[in-house]
Every structure is written in structure tokens, then in C-alpha cells.
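Reviewing the structure listed below.
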Amino acid sequence: MTTPRLGIVLGSGLGAIADALTDATHTPYAELEGFPEPSVAGHGGTLSTGALSGLPVAIFRGRKHVYETGDASGMTVPVRWLKDQGAEAILLTNAAGSLNADVGPGRLMAINDHINLLGSNPLTGPNDESIGPRFLSLRDAYDPELRAKLQAAAAALDVPLAEGVYLATAGPTFETPAEIRAFRTLGADAVGMSTVPEVILARHAGLRVAAVSAITNLAEGMGGEELSHEQTLRNAEVAARDLVRLVLKFAEDF
Ligand code: HPA
């Protein structure tokens, strides 16, 4: 296998990115020691390697969520595996609800910071100093240079790319309208149930991080239909069209 330079984690309904791989190999997580076995519809649990726009990448389709076990450390082995392979960076994608009425379903948002309301942290417990420090700084966790590259790729494609703060909740329930009002006051632009554990694990391991939310709905209480996973998957498919183009362009200029 060629050394992947970039890892890409695919969120709910965003599997189309893996279809764009050339020279692809696919390995079920079940065959990889320590990799999680995701349980949610729309999360496959497959590691794919190959090239995107000529860039060697490793694509993780399927992640472990806090709502599955209460534990935030489920993606520890895949993230550290990526670092061990020699990759420089990880691009995390997710489906998210938007707190900004101007950034609606189907739109993309580059994450520039997060608020961790998961109630847990993947680095809880003994620290392995050979991987990273006990007390990790999360300033500029979302690499400013990679964010600029995402924006440049989006501009080149004429794809509108919002930018903002992602707030992670443990789920599995969607938020209440009151929680969404509170989260807006806290400074959140999008809300979801993933990504933050991988960002922390990746920064701890010394990987650079970029992250994009595919907006699948306006957050609860902002109008529209009652939230459901079906709606998430349906609208993720719409956002995935722009996301695939964005990721291919990002890979081209990485
Ligand atoms: N809230 C939490 N997670 C989500 C949402 C939401 O509105 N949409 C997609 N994932």
C-alpha cells in the first residue's frame, strides 16, 4: 500500500467520496484489530485506500459515536493507525444541523473551532506520552492553512463554503428547541454528534486537521419538518455532490 498522506473520515450519507477513489482497496473494519464496528444505518465500517486526484489517501467510512457506548475513545485506533502510516493530516466530514438560517440544507461549512458538550473526552485515562502530551492545546486545532485551502478549493469550484463553530452533543436524541437557543448564545453555528473526538485524537497524535460539515437541516425549532435520520441521509446526499467536488479539488492542491 502507498503511504496515505491524508486520512478522510466520512459522515452519515457521505459515502460517495469513497466511490471517487482510484486504485482502491477496501478492508472491513472487522478485519482490522481495534477498529470499531459501527452500528448506525448509513455507516459502513470500511477502510478504503487509494488515490483521490492522484493524492494517496485512506478513507474511513464509518466512525464510532459517543451515543453507542457513552465512550468518546472509539476512534483511537483508526486515528493512531493513520499517524503510524505516515499521514500528515486528516479531513473529517459530518452531517450537521445549522443554527444559521442563511446556511440551510445541502450547504457546506468548514469548521473553524468546536464546543465539546459530549460530556466526555477520548483522552480520559492514562496518557501515552509517546503519542502526545497529557494536557493538549486545542488552539488552531482546525489548521488555518488547511482551512484556507478548503476555501480556495471552494472558490475555484464556485461552491459556497460557510465557516463556523461546530458544537458536539452526545445524542442520540436530536436537540430540543430550547437547547438550540442556548447553543446559539454559546456561539455555535452547527450542531452534531461526532467529529470532536477524532479532532482531539488527531491533534494529540500530531496530525493536522481540517473538517467540513454537510448541513442536512436547520437545527430543531428553526422551522421545517421534525428531525429524523432519514432526513439527515436524504439531505447529506444532496450536500455530498458539492462535498465530493470540494474534496477532490482539496486533494488536488494538498
Ligand atoms: N443535530 C444533531 N446531529 C445532527 C443534526 C442535528 O440537527 N443533523 C444531522 N446530524
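Simple scheme: letters A, B, ... for chains in C-alpha cells order, numbers from 1 for residues in each chain, numbers from 1 for ligands in the order shown.
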
>> Distance limit 8 Å, reference ligand 1, atoms considered: only C-alpha atoms and all ligand atoms. Which residues make the cut? Give them as number ranges by chain.
In response: A: 94-98, 168-169, 171, 173-175, 190-193, 215-220, 227, 229, 232

>> So that I can check the surroundings of Ala240 (chain A), please list as a ChimeraX atom specification every protein, DNA and RNA residue that reaches within 10 Å of it, counting only C-alpha atoms and ignoring chain neighbours fewer than 4 positions away.
In response: /A:11,13-17,95,106-108,214-215,235-236,244-247

>> Give me, as a list in words, all polymer residues having an atom no more than 6 Å from region 146-157 of chain A, counting only C-alpha atoms and skipping those fewer than 3 positions away in the same chain.
In response: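 The residues satisfying every condition are Asp143, Lys249 and Phe250 of chain A.
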
> If you count only C-alpha atoms, which residues fall within 10 Å of Gly74 (chain A), apart from same-chain ones fewer than 4 positions away, as a ChimeraX atom specification?
Replying inline: /A:34-38,63-66,68-70,78-79,122,197-198

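For region 37-151 of chain A, a DSSP pass over the backbone yields helix (DSSP H, G or I) at Val66, Tyr67, Glu68, Thr69, Thr76, Val77, Pro78, Val79, Arg80, Trp81, Leu82, Lys83, Asp84, Gln85, Pro144, Glu145, Leu146, Arg147, Ala148, Lys149, Leu150 and Gln151 of chain A.
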
> How many Å lie between CA of Pro177 (chain A) and CA of Ala141 (chain A), rounded to one decimal?
Replying inline: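 Those two atoms sit 28.9 Å apart.
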
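Using only C-alpha atoms, the smallest distance between any of A:Gly125, A:Gly50, A:Gly132, A:Pro172 and Leu201 (chain A) comes from A:Gly132.
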
>> Can you pull out the residues contacting Glu252 (chain A)? Cut-off 8 Å, using only C-alpha atoms, and skip same-chain residues under 6 positions away; I want them as a list in words.
In response: Leu52, Ser53, Gly54 and Leu55 of chain A

Pull N, CA, C and O atoms from the residues just selected and write them as a CSV table (one decimal), in the first residue's frame.
```csv
chain,number,residue,atom,x,y,z
A,52,LEU,N,-7.1,10.0,-4.6
A,52,LEU,CA,-8.1,11.0,-4.9
A,52,LEU,C,-7.3,12.1,-5.6
A,52,LEU,O,-6.4,12.7,-5.0
A,53,SER,N,-7.7,12.4,-6.9
A,53,SER,CA,-6.9,13.4,-7.7
A,53,SER,C,-5.4,13.1,-7.6
A,53,SER,O,-4.6,14.0,-7.5
A,54,GLY,N,-5.0,11.8,-7.5
A,54,GLY,CA,-3.6,11.5,-7.5
A,54,GLY,C,-3.0,11.5,-6.1
A,54,GLY,O,-1.9,11.0,-5.9
A,55,LEU,N,-3.7,12.0,-5.1
A,55,LEU,CA,-3.2,12.0,-3.7
A,55,LEU,C,-3.5,10.7,-3.0
A,55,LEU,O,-4.6,10.3,-2.9
```

>> I'd like the interatomic distance between CA of Tyr166 (chain A) and CA of Val103 (chain A), to a tenth of an Å.
In response: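 Going from CA of Tyr166 (chain A) over to CA of Val103 (chain A), I get 13.4 Å.
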
Taking the chain letters and numbering used in this document, name the residues of region 7-225 of chain A that DSSP puts in strand (DSSP E), as a PDB file with N, CA, C and O atoms, in the first residue's frame.
```
ATOM      1  N   GLY A   7      -5.866  11.302   5.641  1.00  0.00           N
ATOM      2  CA  GLY A   7      -6.975  10.430   6.021  1.00  0.00           C
ATOM      3  C   GLY A   7      -8.270  11.209   5.877  1.00  0.00           C
ATOM      4  O   GLY A   7      -8.281  12.426   6.069  1.00  0.00           O
ATOM      5  N   ILE A   8      -9.334  10.528   5.517  1.00  0.00           N
ATOM      6  CA  ILE A   8     -10.634  11.202   5.365  1.00  0.00           C
ATOM      7  C   ILE A   8     -11.682  10.359   6.083  1.00  0.00           C
ATOM      8  O   ILE A   8     -11.820   9.160   5.809  1.00  0.00           O
ATOM      9  N   VAL A   9     -12.387  10.971   7.018  1.00  0.00           N
ATOM     10  CA  VAL A   9     -13.465  10.268   7.728  1.00  0.00           C
ATOM     11  C   VAL A   9     -14.789  10.735   7.143  1.00  0.00           C
ATOM     12  O   VAL A   9     -15.055  11.942   7.071  1.00  0.00           O
ATOM     13  N   LEU A  10     -15.600   9.778   6.712  1.00  0.00           N
ATOM     14  CA  LEU A  10     -16.865  10.119   6.062  1.00  0.00           C
ATOM     15  C   LEU A  10     -18.029  10.065   7.044  1.00  0.00           C
ATOM     16  O   LEU A  10     -18.213   9.087   7.772  1.00  0.00           O
ATOM     17  N   THR A  22      -9.390   6.009  -6.913  1.00  0.00           N
ATOM     18  CA  THR A  22      -8.804   5.160  -7.946  1.00  0.00           C
ATOM     19  C   THR A  22      -7.816   4.206  -7.267  1.00  0.00           C
ATOM     20  O   THR A  22      -7.313   4.500  -6.181  1.00  0.00           O
ATOM     21  N   ASP A  23      -7.534   3.093  -7.920  1.00  0.00           N
ATOM     22  CA  ASP A  23      -6.654   2.052  -7.348  1.00  0.00           C
ATOM     23  C   ASP A  23      -7.087   1.684  -5.933  1.00  0.00           C
ATOM     24  O   ASP A  23      -6.246   1.569  -5.017  1.00  0.00           O
ATOM     25  N   ALA A  24      -8.385   1.514  -5.749  1.00  0.00           N
ATOM     26  CA  ALA A  24      -8.922   1.344  -4.400  1.00  0.00           C
ATOM     27  C   ALA A  24      -8.751  -0.068  -3.861  1.00  0.00           C
ATOM     28  O   ALA A  24      -8.838  -1.049  -4.604  1.00  0.00           O
ATOM     29  N   THR A  25      -8.474  -0.143  -2.564  1.00  0.00           N
ATOM     30  CA  THR A  25      -8.593  -1.405  -1.833  1.00  0.00           C
ATOM     31  C   THR A  25      -9.562  -1.144  -0.679  1.00  0.00           C
ATOM     32  O   THR A  25      -9.583  -0.042  -0.134  1.00  0.00           O
ATOM     33  N   HIS A  26     -10.360  -2.136  -0.356  1.00  0.00           N
ATOM     34  CA  HIS A  26     -11.359  -1.957   0.703  1.00  0.00           C
ATOM     35  C   HIS A  26     -11.191  -3.055   1.740  1.00  0.00           C
ATOM     36  O   HIS A  26     -11.137  -4.236   1.393  1.00  0.00           O
ATOM     37  N   THR A  27     -11.132  -2.660   3.000  1.00  0.00           N
ATOM     38  CA  THR A  27     -10.996  -3.640   4.080  1.00  0.00           C
ATOM     39  C   THR A  27     -12.056  -3.363   5.138  1.00  0.00           C
ATOM     40  O   THR A  27     -12.121  -2.246   5.657  1.00  0.00           O
ATOM     41  N   PRO A  28     -12.887  -4.352   5.454  1.00  0.00           N
ATOM     42  CA  PRO A  28     -13.867  -4.136   6.528  1.00  0.00           C
ATOM     43  C   PRO A  28     -13.151  -3.887   7.850  1.00  0.00           C
ATOM     44  O   PRO A  28     -12.131  -4.522   8.131  1.00  0.00           O
ATOM     45  N   THR A  46     -15.776   0.544   6.819  1.00  0.00           N
ATOM     46  CA  THR A  46     -14.801   0.069   5.839  1.00  0.00           C
ATOM     47  C   THR A  46     -13.644   1.055   5.731  1.00  0.00           C
ATOM     48  O   THR A  46     -13.863   2.265   5.667  1.00  0.00           O
ATOM     49  N   LEU A  47     -12.435   0.519   5.717  1.00  0.00           N
ATOM     50  CA  LEU A  47     -11.251   1.331   5.430  1.00  0.00           C
ATOM     51  C   LEU A  47     -10.924   1.158   3.956  1.00  0.00           C
ATOM     52  O   LEU A  47     -10.764   0.035   3.484  1.00  0.00           O
ATOM     53  N   SER A  48     -10.864   2.265   3.227  1.00  0.00           N
ATOM     54  CA  SER A  48     -10.506   2.208   1.811  1.00  0.00           C
ATOM     55  C   SER A  48      -9.239   3.006   1.591  1.00  0.00           C
ATOM     56  O   SER A  48      -9.102   4.104   2.132  1.00  0.00           O
ATOM     57  N   THR A  49      -8.325   2.445   0.823  1.00  0.00           N
ATOM     58  CA  THR A  49      -7.139   3.214   0.453  1.00  0.00           C
ATOM     59  C   THR A  49      -7.107   3.332  -1.059  1.00  0.00           C
ATOM     60  O   THR A  49      -7.761   2.569  -1.772  1.00  0.00           O
ATOM     61  N   GLY A  50      -6.352   4.308  -1.530  1.00  0.00           N
ATOM     62  CA  GLY A  50      -6.267   4.547  -2.967  1.00  0.00           C
ATOM     63  C   GLY A  50      -5.874   5.988  -3.191  1.00  0.00           C
ATOM     64  O   GLY A  50      -5.242   6.596  -2.317  1.00  0.00           O
ATOM     65  N   ALA A  51      -6.269   6.532  -4.340  1.00  0.00           N
ATOM     66  CA  ALA A  51      -5.890   7.911  -4.649  1.00  0.00           C
ATOM     67  C   ALA A  51      -7.115   8.740  -4.995  1.00  0.00           C
ATOM     68  O   ALA A  51      -8.058   8.260  -5.621  1.00  0.00           O
ATOM     69  N   LEU A  52      -7.063   9.998  -4.559  1.00  0.00           N
ATOM     70  CA  LEU A  52      -8.075  10.988  -4.945  1.00  0.00           C
ATOM     71  C   LEU A  52      -7.325  12.114  -5.639  1.00  0.00           C
ATOM     72  O   LEU A  52      -6.435  12.709  -5.019  1.00  0.00           O
ATOM     73  N   LEU A  55      -3.705  11.970  -5.111  1.00  0.00           N
ATOM     74  CA  LEU A  55      -3.171  12.026  -3.736  1.00  0.00           C
ATOM     75  C   LEU A  55      -3.461  10.713  -3.009  1.00  0.00           C
ATOM     76  O   LEU A  55      -4.611  10.292  -2.930  1.00  0.00           O
ATOM     77  N   PRO A  56      -2.427  10.049  -2.451  1.00  0.00           N
ATOM     78  CA  PRO A  56      -2.687   8.815  -1.700  1.00  0.00           C
ATOM     79  C   PRO A  56      -3.466   9.133  -0.414  1.00  0.00           C
ATOM     80  O   PRO A  56      -3.026   9.968   0.384  1.00  0.00           O
ATOM     81  N   VAL A  57      -4.591   8.469  -0.260  1.00  0.00           N
ATOM     82  CA  VAL A  57      -5.450   8.742   0.896  1.00  0.00           C
ATOM     83  C   VAL A  57      -5.911   7.431   1.544  1.00  0.00           C
ATOM     84  O   VAL A  57      -5.871   6.370   0.927  1.00  0.00           O
ATOM     85  N   ALA A  58      -6.351   7.541   2.783  1.00  0.00           N
ATOM     86  CA  ALA A  58      -7.034   6.437   3.471  1.00  0.00           C
ATOM     87  C   ALA A  58      -8.395   6.977   3.884  1.00  0.00           C
ATOM     88  O   ALA A  58      -8.477   8.027   4.533  1.00  0.00           O
ATOM     89  N   ILE A  59      -9.440   6.286   3.463  1.00  0.00           N
ATOM     90  CA  ILE A  59     -10.795   6.762   3.759  1.00  0.00           C
ATOM     91  C   ILE A  59     -11.454   5.845   4.790  1.00  0.00           C
ATOM     92  O   ILE A  59     -11.501   4.627   4.616  1.00  0.00           O
ATOM     93  N   PHE A  60     -11.919   6.464   5.842  1.00  0.00           N
ATOM     94  CA  PHE A  60     -12.612   5.733   6.905  1.00  0.00           C
ATOM     95  C   PHE A  60     -14.102   5.943   6.710  1.00  0.00           C
ATOM     96  O   PHE A  60     -14.603   7.046   6.900  1.00  0.00           O
ATOM     97  N   ARG A  61     -14.780   4.890   6.303  1.00  0.00           N
ATOM     98  CA  ARG A  61     -16.236   5.000   6.153  1.00  0.00           C
ATOM     99  C   ARG A  61     -16.865   4.328   7.366  1.00  0.00           C
ATOM    100  O   ARG A  61     -16.865   3.106   7.480  1.00  0.00           O
ATOM    101  N   ALA A  89      -2.177  14.556   7.694  1.00  0.00           N
ATOM    102  CA  ALA A  89      -3.394  15.291   8.068  1.00  0.00           C
ATOM    103  C   ALA A  89      -4.621  14.400   7.963  1.00  0.00           C
ATOM    104  O   ALA A  89      -4.578  13.326   7.352  1.00  0.00           O
ATOM    105  N   ILE A  90      -5.696  14.868   8.574  1.00  0.00           N
ATOM    106  CA  ILE A  90      -6.971  14.162   8.499  1.00  0.00           C
ATOM    107  C   ILE A  90      -8.064  15.173   8.153  1.00  0.00           C
ATOM    108  O   ILE A  90      -8.073  16.294   8.670  1.00  0.00           O
ATOM    109  N   LEU A  91      -8.934  14.785   7.240  1.00  0.00           N
ATOM    110  CA  LEU A  91     -10.081  15.612   6.859  1.00  0.00           C
ATOM    111  C   LEU A  91     -11.333  14.908   7.384  1.00  0.00           C
ATOM    112  O   LEU A  91     -11.638  13.784   6.974  1.00  0.00           O
ATOM    113  N   LEU A  92     -11.997  15.570   8.311  1.00  0.00           N
ATOM    114  CA  LEU A  92     -13.175  14.968   8.938  1.00  0.00           C
ATOM    115  C   LEU A  92     -14.436  15.556   8.317  1.00  0.00           C
ATOM    116  O   LEU A  92     -14.521  16.773   8.121  1.00  0.00           O
ATOM    117  N   THR A  93     -15.387  14.707   7.995  1.00  0.00           N
ATOM    118  CA  THR A  93     -16.660  15.206   7.467  1.00  0.00           C
ATOM    119  C   THR A  93     -17.792  14.698   8.355  1.00  0.00           C
ATOM    120  O   THR A  93     -17.659  13.676   9.033  1.00  0.00           O
ATOM    121  N   ASN A  94     -18.873  15.434   8.368  1.00  0.00           N
ATOM    122  CA  ASN A  94     -20.026  15.002   9.149  1.00  0.00           C
ATOM    123  C   ASN A  94     -21.296  15.608   8.570  1.00  0.00           C
ATOM    124  O   ASN A  94     -21.245  16.515   7.743  1.00  0.00           O
ATOM    125  N   ALA A  95     -22.416  15.062   9.005  1.00  0.00           N
ATOM    126  CA  ALA A  95     -23.717  15.662   8.737  1.00  0.00           C
ATOM    127  C   ALA A  95     -24.070  16.475   9.976  1.00  0.00           C
ATOM    128  O   ALA A  95     -23.837  16.022  11.100  1.00  0.00           O
ATOM    129  N   ALA A  96     -24.616  17.668   9.782  1.00  0.00           N
ATOM    130  CA  ALA A  96     -24.872  18.530  10.937  1.00  0.00           C
ATOM    131  C   ALA A  96     -26.113  19.373  10.707  1.00  0.00           C
ATOM    132  O   ALA A  96     -26.529  19.599   9.570  1.00  0.00           O
ATOM    133  N   GLY A  97     -26.674  19.836  11.808  1.00  0.00           N
ATOM    134  CA  GLY A  97     -27.769  20.792  11.750  1.00  0.00           C
ATOM    135  C   GLY A  97     -27.196  22.202  11.828  1.00  0.00           C
ATOM    136  O   GLY A  97     -26.198  22.432  12.514  1.00  0.00           O
ATOM    137  N   SER A  98     -27.822  23.144  11.125  1.00  0.00           N
ATOM    138  CA  SER A  98     -27.315  24.515  11.103  1.00  0.00           C
ATOM    139  C   SER A  98     -28.094  25.418  12.043  1.00  0.00           C
ATOM    140  O   SER A  98     -29.324  25.359  12.095  1.00  0.00           O
ATOM    141  N   LEU A 108     -22.440  23.498   2.710  1.00  0.00           N
ATOM    142  CA  LEU A 108     -21.242  23.006   3.392  1.00  0.00           C
ATOM    143  C   LEU A 108     -20.688  24.086   4.322  1.00  0.00           C
ATOM    144  O   LEU A 108     -20.783  25.277   4.019  1.00  0.00           O
ATOM    145  N   MET A 109     -20.118  23.651   5.451  1.00  0.00           N
ATOM    146  CA  MET A 109     -19.493  24.588   6.395  1.00  0.00           C
ATOM    147  C   MET A 109     -18.131  24.056   6.839  1.00  0.00           C
ATOM    148  O   MET A 109     -18.037  22.948   7.363  1.00  0.00           O
ATOM    149  N   ALA A 110     -17.087  24.834   6.600  1.00  0.00           N
ATOM    150  CA  ALA A 110     -15.764  24.486   7.127  1.00  0.00           C
ATOM    151  C   ALA A 110     -15.773  24.796   8.625  1.00  0.00           C
ATOM    152  O   ALA A 110     -16.191  25.880   9.027  1.00  0.00           O
ATOM    153  N   ILE A 111     -15.351  23.838   9.432  1.00  0.00           N
ATOM    154  CA  ILE A 111     -15.345  24.055  10.883  1.00  0.00           C
ATOM    155  C   ILE A 111     -14.065  24.809  11.260  1.00  0.00           C
ATOM    156  O   ILE A 111     -12.968  24.432  10.833  1.00  0.00           O
ATOM    157  N   ASN A 112     -14.223  25.916  12.027  1.00  0.00           N
ATOM    158  CA  ASN A 112     -13.020  26.657  12.446  1.00  0.00           C
ATOM    159  C   ASN A 112     -12.748  26.540  13.949  1.00  0.00           C
ATOM    160  O   ASN A 112     -11.709  26.997  14.429  1.00  0.00           O
ATOM    161  N   ASP A 113     -13.694  25.921  14.680  1.00  0.00           N
ATOM    162  CA  ASP A 113     -13.470  25.688  16.111  1.00  0.00           C
ATOM    163  C   ASP A 113     -14.623  24.811  16.604  1.00  0.00           C
ATOM    164  O   ASP A 113     -15.596  24.601  15.864  1.00  0.00           O
ATOM    165  N   HIS A 114     -14.515  24.304  17.815  1.00  0.00           N
ATOM    166  CA  HIS A 114     -15.628  23.498  18.317  1.00  0.00           C
ATOM    167  C   HIS A 114     -15.955  23.812  19.771  1.00  0.00           C
ATOM    168  O   HIS A 114     -15.154  24.435  20.493  1.00  0.00           O
ATOM    169  N   ILE A 115     -17.130  23.367  20.181  1.00  0.00           N
ATOM    170  CA  ILE A 115     -17.548  23.386  21.584  1.00  0.00           C
ATOM    171  C   ILE A 115     -17.886  21.945  21.930  1.00  0.00           C
ATOM    172  O   ILE A 115     -18.752  21.328  21.281  1.00  0.00           O
ATOM    173  N   ASN A 116     -17.175  21.391  22.902  1.00  0.00           N
ATOM    174  CA  ASN A 116     -17.357  19.981  23.245  1.00  0.00           C
ATOM    175  C   ASN A 116     -18.370  19.837  24.378  1.00  0.00           C
ATOM    176  O   ASN A 116     -18.042  20.048  25.543  1.00  0.00           O
ATOM    177  N   LEU A 117     -19.604  19.482  24.015  1.00  0.00           N
ATOM    178  CA  LEU A 117     -20.619  19.194  25.037  1.00  0.00           C
ATOM    179  C   LEU A 117     -20.948  17.697  25.051  1.00  0.00           C
ATOM    180  O   LEU A 117     -22.053  17.284  25.388  1.00  0.00           O
ATOM    181  N   LEU A 161     -18.919  27.995   0.648  1.00  0.00           N
ATOM    182  CA  LEU A 161     -18.422  27.270   1.826  1.00  0.00           C
ATOM    183  C   LEU A 161     -18.497  28.209   3.020  1.00  0.00           C
ATOM    184  O   LEU A 161     -17.688  29.132   3.145  1.00  0.00           O
ATOM    185  N   ALA A 162     -19.481  27.967   3.897  1.00  0.00           N
ATOM    186  CA  ALA A 162     -19.590  28.767   5.118  1.00  0.00           C
ATOM    187  C   ALA A 162     -18.469  28.364   6.060  1.00  0.00           C
ATOM    188  O   ALA A 162     -17.733  27.403   5.789  1.00  0.00           O
ATOM    189  N   GLU A 163     -18.303  29.098   7.132  1.00  0.00           N
ATOM    190  CA  GLU A 163     -17.279  28.738   8.104  1.00  0.00           C
ATOM    191  C   GLU A 163     -17.834  29.006   9.495  1.00  0.00           C
ATOM    192  O   GLU A 163     -18.531  30.002   9.701  1.00  0.00           O
ATOM    193  N   GLY A 164     -17.572  28.132  10.446  1.00  0.00           N
ATOM    194  CA  GLY A 164     -18.105  28.390  11.770  1.00  0.00           C
ATOM    195  C   GLY A 164     -17.762  27.340  12.800  1.00  0.00           C
ATOM    196  O   GLY A 164     -16.954  26.434  12.568  1.00  0.00           O
ATOM    197  N   VAL A 165     -18.396  27.492  13.945  1.00  0.00           N
ATOM    198  CA  VAL A 165     -18.127  26.672  15.134  1.00  0.00           C
ATOM    199  C   VAL A 165     -19.099  25.489  15.190  1.00  0.00           C
ATOM    200  O   VAL A 165     -20.316  25.672  15.054  1.00  0.00           O
ATOM    201  N   TYR A 166     -18.542  24.308  15.394  1.00  0.00           N
ATOM    202  CA  TYR A 166     -19.323  23.071  15.487  1.00  0.00           C
ATOM    203  C   TYR A 166     -19.468  22.699  16.952  1.00  0.00           C
ATOM    204  O   TYR A 166     -18.480  22.586  17.681  1.00  0.00           O
ATOM    205  N   LEU A 167     -20.692  22.501  17.364  1.00  0.00           N
ATOM    206  CA  LEU A 167     -20.946  22.073  18.749  1.00  0.00           C
ATOM    207  C   LEU A 167     -21.336  20.601  18.740  1.00  0.00           C
ATOM    208  O   LEU A 167     -22.243  20.198  17.991  1.00  0.00           O
ATOM    209  N   ALA A 168     -20.631  19.793  19.541  1.00  0.00           N
ATOM    210  CA  ALA A 168     -20.907  18.350  19.576  1.00  0.00           C
ATOM    211  C   ALA A 168     -21.720  17.997  20.812  1.00  0.00           C
ATOM    212  O   ALA A 168     -21.350  18.353  21.938  1.00  0.00           O
ATOM    213  N   THR A 169     -22.832  17.325  20.581  1.00  0.00           N
ATOM    214  CA  THR A 169     -23.616  16.771  21.687  1.00  0.00           C
ATOM    215  C   THR A 169     -23.517  15.247  21.602  1.00  0.00           C
ATOM    216  O   THR A 169     -23.268  14.693  20.527  1.00  0.00           O
ATOM    217  N   ALA A 190     -23.164  25.236  14.033  1.00  0.00           N
ATOM    218  CA  ALA A 190     -23.696  23.940  13.590  1.00  0.00           C
ATOM    219  C   ALA A 190     -23.643  22.981  14.768  1.00  0.00           C
ATOM    220  O   ALA A 190     -22.838  23.155  15.697  1.00  0.00           O
ATOM    221  N   VAL A 191     -24.517  21.970  14.722  1.00  0.00           N
ATOM    222  CA  VAL A 191     -24.568  21.010  15.825  1.00  0.00           C
ATOM    223  C   VAL A 191     -24.608  19.590  15.269  1.00  0.00           C
ATOM    224  O   VAL A 191     -25.240  19.330  14.242  1.00  0.00           O
ATOM    225  N   GLY A 192     -23.896  18.688  15.951  1.00  0.00           N
ATOM    226  CA  GLY A 192     -23.866  17.296  15.509  1.00  0.00           C
ATOM    227  C   GLY A 192     -23.381  16.398  16.629  1.00  0.00           C
ATOM    228  O   GLY A 192     -23.173  16.854  17.761  1.00  0.00           O
ATOM    229  N   ARG A 208      -2.426  17.148  11.392  1.00  0.00           N
ATOM    230  CA  ARG A 208      -3.148  18.396  11.117  1.00  0.00           C
ATOM    231  C   ARG A 208      -4.598  18.042  10.787  1.00  0.00           C
ATOM    232  O   ARG A 208      -4.878  16.961  10.254  1.00  0.00           O
ATOM    233  N   VAL A 209      -5.494  18.969  11.105  1.00  0.00           N
ATOM    234  CA  VAL A 209      -6.930  18.677  10.988  1.00  0.00           C
ATOM    235  C   VAL A 209      -7.638  19.699  10.103  1.00  0.00           C
ATOM    236  O   VAL A 209      -7.424  20.910  10.226  1.00  0.00           O
ATOM    237  N   ALA A 210      -8.489  19.178   9.213  1.00  0.00           N
ATOM    238  CA  ALA A 210      -9.465  20.004   8.505  1.00  0.00           C
ATOM    239  C   ALA A 210     -10.811  19.307   8.680  1.00  0.00           C
ATOM    240  O   ALA A 210     -10.863  18.080   8.826  1.00  0.00           O
ATOM    241  N   ALA A 211     -11.893  20.068   8.707  1.00  0.00           N
ATOM    242  CA  ALA A 211     -13.199  19.447   8.925  1.00  0.00           C
ATOM    243  C   ALA A 211     -14.290  20.233   8.205  1.00  0.00           C
ATOM    244  O   ALA A 211     -14.266  21.471   8.178  1.00  0.00           O
ATOM    245  N   VAL A 212     -15.214  19.486   7.621  1.00  0.00           N
ATOM    246  CA  VAL A 212     -16.332  20.094   6.887  1.00  0.00           C
ATOM    247  C   VAL A 212     -17.640  19.450   7.320  1.00  0.00           C
ATOM    248  O   VAL A 212     -17.762  18.218   7.340  1.00  0.00           O
ATOM    249  N   SER A 213     -18.620  20.288   7.649  1.00  0.00           N
ATOM    250  CA  SER A 213     -19.975  19.801   7.931  1.00  0.00           C
ATOM    251  C   SER A 213     -20.817  19.913   6.676  1.00  0.00           C
ATOM    252  O   SER A 213     -20.801  20.949   6.000  1.00  0.00           O
ATOM    253  N   ALA A 214     -21.551  18.841   6.381  1.00  0.00           N
ATOM    254  CA  ALA A 214     -22.587  18.885   5.353  1.00  0.00           C
ATOM    255  C   ALA A 214     -23.888  19.191   6.096  1.00  0.00           C
ATOM    256  O   ALA A 214     -24.328  18.405   6.941  1.00  0.00           O
ATOM    257  N   ILE A 215     -24.453  20.344   5.826  1.00  0.00           N
ATOM    258  CA  ILE A 215     -25.657  20.754   6.549  1.00  0.00           C
ATOM    259  C   ILE A 215     -26.859  19.983   5.984  1.00  0.00           C
ATOM    260  O   ILE A 215     -27.137  20.053   4.781  1.00  0.00           O
ATOM    261  N   THR A 216     -27.513  19.236   6.855  1.00  0.00           N
ATOM    262  CA  THR A 216     -28.642  18.420   6.397  1.00  0.00           C
ATOM    263  C   THR A 216     -29.987  18.995   6.836  1.00  0.00           C
ATOM    264  O   THR A 216     -31.029  18.550   6.365  1.00  0.00           O
ATOM    265  N   ASN A 217     -29.956  19.960   7.738  1.00  0.00           N
ATOM    266  CA  ASN A 217     -31.217  20.528   8.255  1.00  0.00           C
ATOM    267  C   ASN A 217     -30.926  21.794   9.027  1.00  0.00           C
ATOM    268  O   ASN A 217     -29.801  21.996   9.491  1.00  0.00           O
ATOM    269  N   LEU A 218     -31.944  22.634   9.151  1.00  0.00           N
ATOM    270  CA  LEU A 218     -31.854  23.714  10.130  1.00  0.00           C
ATOM    271  C   LEU A 218     -32.082  23.062  11.485  1.00  0.00           C
ATOM    272  O   LEU A 218     -32.847  22.103  11.607  1.00  0.00           O
TER     273      LEU A 218
END
```

> Which value, in Å to one decimal, gives the distance between CA of Lys83 (chain A) and CA of Ala205 (chain A)?
Replying inline: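 Taking CA of Lys83 (chain A) and CA of Ala205 (chain A), their separation equals 6.8 Å.
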
>> Let me make sure I understand: among A:Ala251, A:Leu99, A:Leu6, A:Leu243, which one has the smallest atom-to-atom distance to Phe183 (chain A) if we use only C-alpha atoms?
In response: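 Once distances to Phe183 (chain A) are computed over only C-alpha atoms, the minimum belongs to A:Leu99.
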
>> Counting only C-alpha atoms, which residue out of A:Glu88, A:Asp158, A:Asp102, A:Glu31 sits closest to Asp189 (chain A)?
In response: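 Of the candidates, the smallest distance to Asp189 (chain A) is held by A:Asp102.
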